[in-house]
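Colleague: There's a structure below that I have some questions on.
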Amino acid sequence: MASFVRATAVASAAAPGTTPDLPLPPPGGDWMARADAIAGRVAAALKAKAELGDAEWRRLPCLVGSSSHFIGAREAQADAALEPPIEFADRLARQFGVSGPVMVVNTACTSGLTALGLARDMIDASACPHALVLGVELANRLSTAGFGALGLLSATKARPCDLERDGLVLGEAFGATLVSTSGPWRIAALASQIDASGFAAPAPNEAIIARAMRAALSAAGWPASSVDLIKLQAGGSPAGDLAEARAVRGIFSAPPRLVSFKGAIGHTLGASGPAELSLLLAALARGQVPPTEGFAQSDPELGLEPRAADGGAVRRVLFNLAGFGGHIASLALARE
């Protein structure tokens, strides 16, 4: 059985080049109450698009991908009880009004995409007709401190693929995806790889990125020349963007259209998959490949130029993510 992306919704930074369903409220106040409010609003937006009956909606299983879960609540309230991540996932499922099985996924920055892959597997195995996937990354100091200690953050802004890029900028997002037996985008393949040399390295290995992309293309049965658009991982890291660029150029004799969202919404870590997928599919539904915020000057060493383009003819997409701990993923999507 084939699986499809039926509907998406996202709350993220409302920056140029993006049109999130909802802008995030500013951080502050009761952390958990803010998380609940964001979840409730994203749930309403997704349910309106999903066109499922109430009974069918309530039966949805819920798979939550995150790298920080609710550590921000602990930071905001030192005596807050530190419960297992599954408790936070259960809480989010209740905000969405679903009562099916709940699962937590943490594969660092690929968490949300890994959760989407598990949802696809459930549908392909006829375990359920629909599955809810959440990618959640909300304000916390721990993530910023960790990336800062590794010297990976820009002091100014993220510049994906730009000649002057100097590091990442972290962001928040709450993305939701409904995976189903029908929908406008078929999940043609999802390939994951582990870069064993990069468990704590600042940049992924270009050979592993290329391996993930080739595996996705092979599983989808696509020649590289048939890909119309690559959603790059590119977040503005000098070494990371270069590694991905070398991988792309090693597979594509002439790279197709390119886009990165991390200059617009920041690197949203475990939420990147559902959040960026929602922004991308919404833009393509409008017939656009949006501009890559932060990209201004081409870097000859990269040889990649992510720019705004006509998206009306985009039928096949390769969607890349790379994360801390060596996690690499590439998703192949086909417009039906």
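FYI, nothing fancy with the structure tokens labels: chains A, B, ... in order, residues from 1 per chain, ligands from 1 as they appear.
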Hey, what does DSSP flag as helix (DSSP H, G or I) within range 61-303 of chain A? Can you give it to me as a ChimeraX atom specification?
Modeller: /A:71-76,85-96,111-124,141-149,196-198,206-220,224-226,238-251,262-265,269-285
Colleague: Could the residues in this selection be written to a file with C-alpha atoms, as a JSON list (two decimals), in the first residue's frame?
Modeller:
[["chain", "number", "residue", "atom", "x", "y", "z"],
["A", 71, "ILE", "CA", 13.37, 20.69, 28.59],
["A", 72, "GLY", "CA", 12.41, 24.37, 28.29],
["A", 73, "ALA", "CA", 9.76, 23.89, 30.96],
["A", 74, "ARG", "CA", 12.42, 22.58, 33.34],
["A", 75, "GLU", "CA", 14.61, 25.59, 32.60],
["A", 76, "ALA", "CA", 11.75, 28.00, 33.22],
["A", 85, "PRO", "CA", 9.33, 12.41, 26.97],
["A", 86, "ILE", "CA", 6.37, 10.11, 26.34],
["A", 87, "GLU", "CA", 4.39, 12.12, 28.91],
["A", 88, "PHE", "CA", 4.95, 15.28, 26.87],
["A", 89, "ALA", "CA", 3.94, 13.42, 23.71],
["A", 90, "ASP", "CA", 0.76, 12.20, 25.42],
["A", 91, "ARG", "CA", 0.00, 15.77, 26.42],
["A", 92, "LEU", "CA", 0.40, 16.97, 22.82],
["A", 93, "ALA", "CA", -1.82, 14.13, 21.55],
["A", 94, "ARG", "CA", -4.54, 15.28, 23.95],
["A", 95, "GLN", "CA", -4.21, 18.83, 22.62],
["A", 96, "PHE", "CA", -4.82, 17.39, 19.15],
["A", 111, "SER", "CA", 13.53, 13.25, 14.53],
["A", 112, "GLY", "CA", 10.41, 14.57, 12.78],
["A", 113, "LEU", "CA", 11.37, 12.94, 9.48],
["A", 114, "THR", "CA", 12.11, 9.64, 11.22],
["A", 115, "ALA", "CA", 8.65, 9.83, 12.78],
["A", 116, "LEU", "CA", 7.17, 10.41, 9.33],
["A", 117, "GLY", "CA", 8.97, 7.29, 8.10],
["A", 118, "LEU", "CA", 7.48, 5.24, 10.92],
["A", 119, "ALA", "CA", 4.02, 6.57, 10.09],
["A", 120, "ARG", "CA", 4.55, 5.55, 6.46],
["A", 121, "ASP", "CA", 5.56, 2.06, 7.58],
["A", 122, "MET", "CA", 2.41, 1.73, 9.68],
["A", 123, "ILE", "CA", 0.20, 2.72, 6.76],
["A", 124, "ASP", "CA", 2.07, 0.55, 4.26],
["A", 141, "ARG", "CA", 18.60, 27.38, 26.49],
["A", 142, "LEU", "CA", 20.19, 23.92, 26.40],
["A", 143, "SER", "CA", 20.12, 23.59, 22.61],
["A", 144, "THR", "CA", 21.58, 27.04, 22.09],
["A", 145, "ALA", "CA", 24.31, 26.43, 24.67],
["A", 146, "GLY", "CA", 25.27, 23.13, 23.07],
["A", 147, "PHE", "CA", 25.55, 24.45, 19.53],
["A", 148, "GLY", "CA", 27.26, 27.58, 20.79],
["A", 149, "ALA", "CA", 29.87, 25.56, 22.66],
["A", 196, "ALA", "CA", 29.86, 6.89, 12.01],
["A", 197, "SER", "CA", 32.71, 9.39, 11.82],
["A", 198, "GLY", "CA", 30.45, 12.29, 12.69],
["A", 206, "GLU", "CA", 29.61, 14.34, 2.03],
["A", 207, "ALA", "CA", 29.86, 10.67, 1.05],
["A", 208, "ILE", "CA", 27.16, 9.73, 3.56],
["A", 209, "ILE", "CA", 24.86, 12.51, 2.35],
["A", 210, "ALA", "CA", 25.35, 11.28, -1.21],
["A", 211, "ARG", "CA", 24.67, 7.70, -0.10],
["A", 212, "ALA", "CA", 21.36, 8.74, 1.47],
["A", 213, "MET", "CA", 20.27, 10.63, -1.65],
["A", 214, "ARG", "CA", 21.25, 7.76, -3.94],
["A", 215, "ALA", "CA", 19.39, 5.29, -1.71],
["A", 216, "ALA", "CA", 16.24, 7.42, -1.84],
["A", 217, "LEU", "CA", 16.48, 7.75, -5.61],
["A", 218, "SER", "CA", 17.03, 4.02, -6.01],
["A", 219, "ALA", "CA", 14.11, 3.08, -3.74],
["A", 220, "ALA", "CA", 11.86, 5.52, -5.60],
["A", 224, "ALA", "CA", 18.66, 11.80, -10.79],
["A", 225, "SER", "CA", 17.69, 13.75, -13.92],
["A", 226, "SER", "CA", 13.99, 13.35, -13.07],
["A", 238, "PRO", "CA", 30.62, 26.78, 6.27],
["A", 239, "ALA", "CA", 31.59, 23.10, 6.33],
["A", 240, "GLY", "CA", 28.09, 21.60, 6.40],
["A", 241, "ASP", "CA", 26.82, 23.47, 3.35],
["A", 242, "LEU", "CA", 30.00, 22.57, 1.47],
["A", 243, "ALA", "CA", 29.64, 18.86, 2.27],
["A", 244, "GLU", "CA", 26.04, 18.83, 1.01],
["A", 245, "ALA", "CA", 26.98, 20.82, -2.10],
["A", 246, "ARG", "CA", 29.70, 18.30, -2.99],
["A", 247, "ALA", "CA", 27.23, 15.46, -2.50],
["A", 248, "VAL", "CA", 24.64, 17.14, -4.73],
["A", 249, "ARG", "CA", 27.16, 17.93, -7.46],
["A", 250, "GLY", "CA", 28.43, 14.35, -7.35],
["A", 251, "ILE", "CA", 24.95, 13.03, -8.19],
["A", 262, "LYS", "CA", 16.81, 27.69, 7.51],
["A", 263, "GLY", "CA", 17.62, 31.27, 6.65],
["A", 264, "ALA", "CA", 13.95, 32.12, 7.13],
["A", 265, "ILE", "CA", 12.90, 30.09, 10.18],
["A", 269, "LEU", "CA", 16.34, 20.75, 14.93],
["A", 270, "GLY", "CA", 13.93, 17.84, 15.54],
["A", 271, "ALA", "CA", 11.02, 19.81, 14.09],
["A", 272, "SER", "CA", 12.82, 20.48, 10.79],
["A", 273, "GLY", "CA", 11.18, 17.65, 8.86],
["A", 274, "PRO", "CA", 7.48, 18.41, 9.44],
["A", 275, "ALA", "CA", 8.05, 22.18, 9.65],
["A", 276, "GLU", "CA", 10.03, 22.56, 6.44],
["A", 277, "LEU", "CA", 7.85, 20.02, 4.65],
["A", 278, "SER", "CA", 4.78, 22.08, 5.48],
["A", 279, "LEU", "CA", 6.36, 25.29, 4.23],
["A", 280, "LEU", "CA", 7.60, 23.62, 1.06],
["A", 281, "LEU", "CA", 4.35, 21.91, 0.08],
["A", 282, "ALA", "CA", 2.35, 25.06, 0.80],
["A", 283, "ALA", "CA", 4.65, 27.07, -1.47],
["A", 284, "LEU", "CA", 4.46, 24.47, -4.25],
["A", 285, "ALA", "CA", 0.66, 24.46, -3.97]]
Colleague: Quick one: pick out all strand (DSSP E or B) residues within range 205-330 of chain A from a backbone DSSP run and write them as a count of residues only.
Modeller: 24
Colleague: Mind giving me the straight-line distance from CA of Ile328 in chain A to CA of Thr110 in chain A in Å, one decimal?
Modeller: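 CA of Thr110 in chain A lies 7.2 Å from CA of Ile328 in chain A.
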Colleague: Quick one: everything within 9 Å of Phe4 in chain A, counting only C-alpha atoms, minus sequence neighbours fewer than 2 positions away in the same chain. Send it as a PyMOL selection string.
Modeller: chain A and resi 2+6+120+178-188+333
Colleague: If we count only C-alpha atoms and set the cut-off at 12 Å, which residues sit around Ala296 in chain A, ignoring sequence neighbours fewer than 3 positions away in its own chain? Please answer as a PyMOL selection string.
Modeller: chain A and resi 158-165+236+263+291-293+299+304-308
Colleague: Excluding Leu153 in chain A and residues on its chain fewer than 3 positions from it, collect all residues at most 6 Å away from it, counting only C-alpha atoms, and give them as a list in words.
Modeller: Gly148, Gly167, Leu168 and Val169 of chain A
Colleague: Selection from above, C-alpha atoms, as a compact mmCIF listing (two decimals), in the first residue's frame, can you write it?
Modeller:
# COMPACT_ATOMS: atom_id res chain seq x y z
CA GLY A 148 27.26 27.58 20.79
CA GLY A 167 27.12 29.50 11.00
CA LEU A 168 23.68 28.36 12.02
CA VAL A 169 20.85 30.22 13.69
Colleague: Sorted by chain and rising residue number, which residues of range 113-219 of chain A lie within 7 Å of range 12-32 of chain A, and what are their closest atom pairs and distances in Å to one decimal, counting only C-alpha atoms, as JSON lines?
Modeller:
{"residue": "A:Ala139", "atom": "CA", "partner": "A:Pro27", "partner_atom": "CA", "distance": 6.7}
{"residue": "A:Glu172", "atom": "CA", "partner": "A:Ser12", "partner_atom": "CA", "distance": 6.3}
{"residue": "A:Ala173", "atom": "CA", "partner": "A:Ser12", "partner_atom": "CA", "distance": 4.6}
{"residue": "A:Phe174", "atom": "CA", "partner": "A:Ser12", "partner_atom": "CA", "distance": 6.6}
Colleague: Just write the chosen residues, C-alpha atoms, as an mmCIF file, in the first residue's frame.
Modeller:
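Writing the result to part01.cif gives the following:
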data_model
loop_
_atom_site.group_PDB
_atom_site.id
_atom_site.type_symbol
_atom_site.label_atom_id
_atom_site.label_comp_id
_atom_site.auth_asym_id
_atom_site.auth_seq_id
_atom_site.Cartn_x
_atom_site.Cartn_y
_atom_site.Cartn_z
ATOM 1 C CA ALA A 139 12.430 27.654 23.130
ATOM 2 C CA GLU A 172 11.474 27.235 16.955
ATOM 3 C CA ALA A 173 8.731 25.355 15.129
ATOM 4 C CA PHE A 174 5.757 23.125 15.679
#
Colleague: Quote the spacing between CA of Ala50 in chain A and CA of Cys62 in chain A in Å to one decimal place.
Modeller: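 Separation of CA of Ala50 in chain A and CA of Cys62 in chain A: 14.7 Å.
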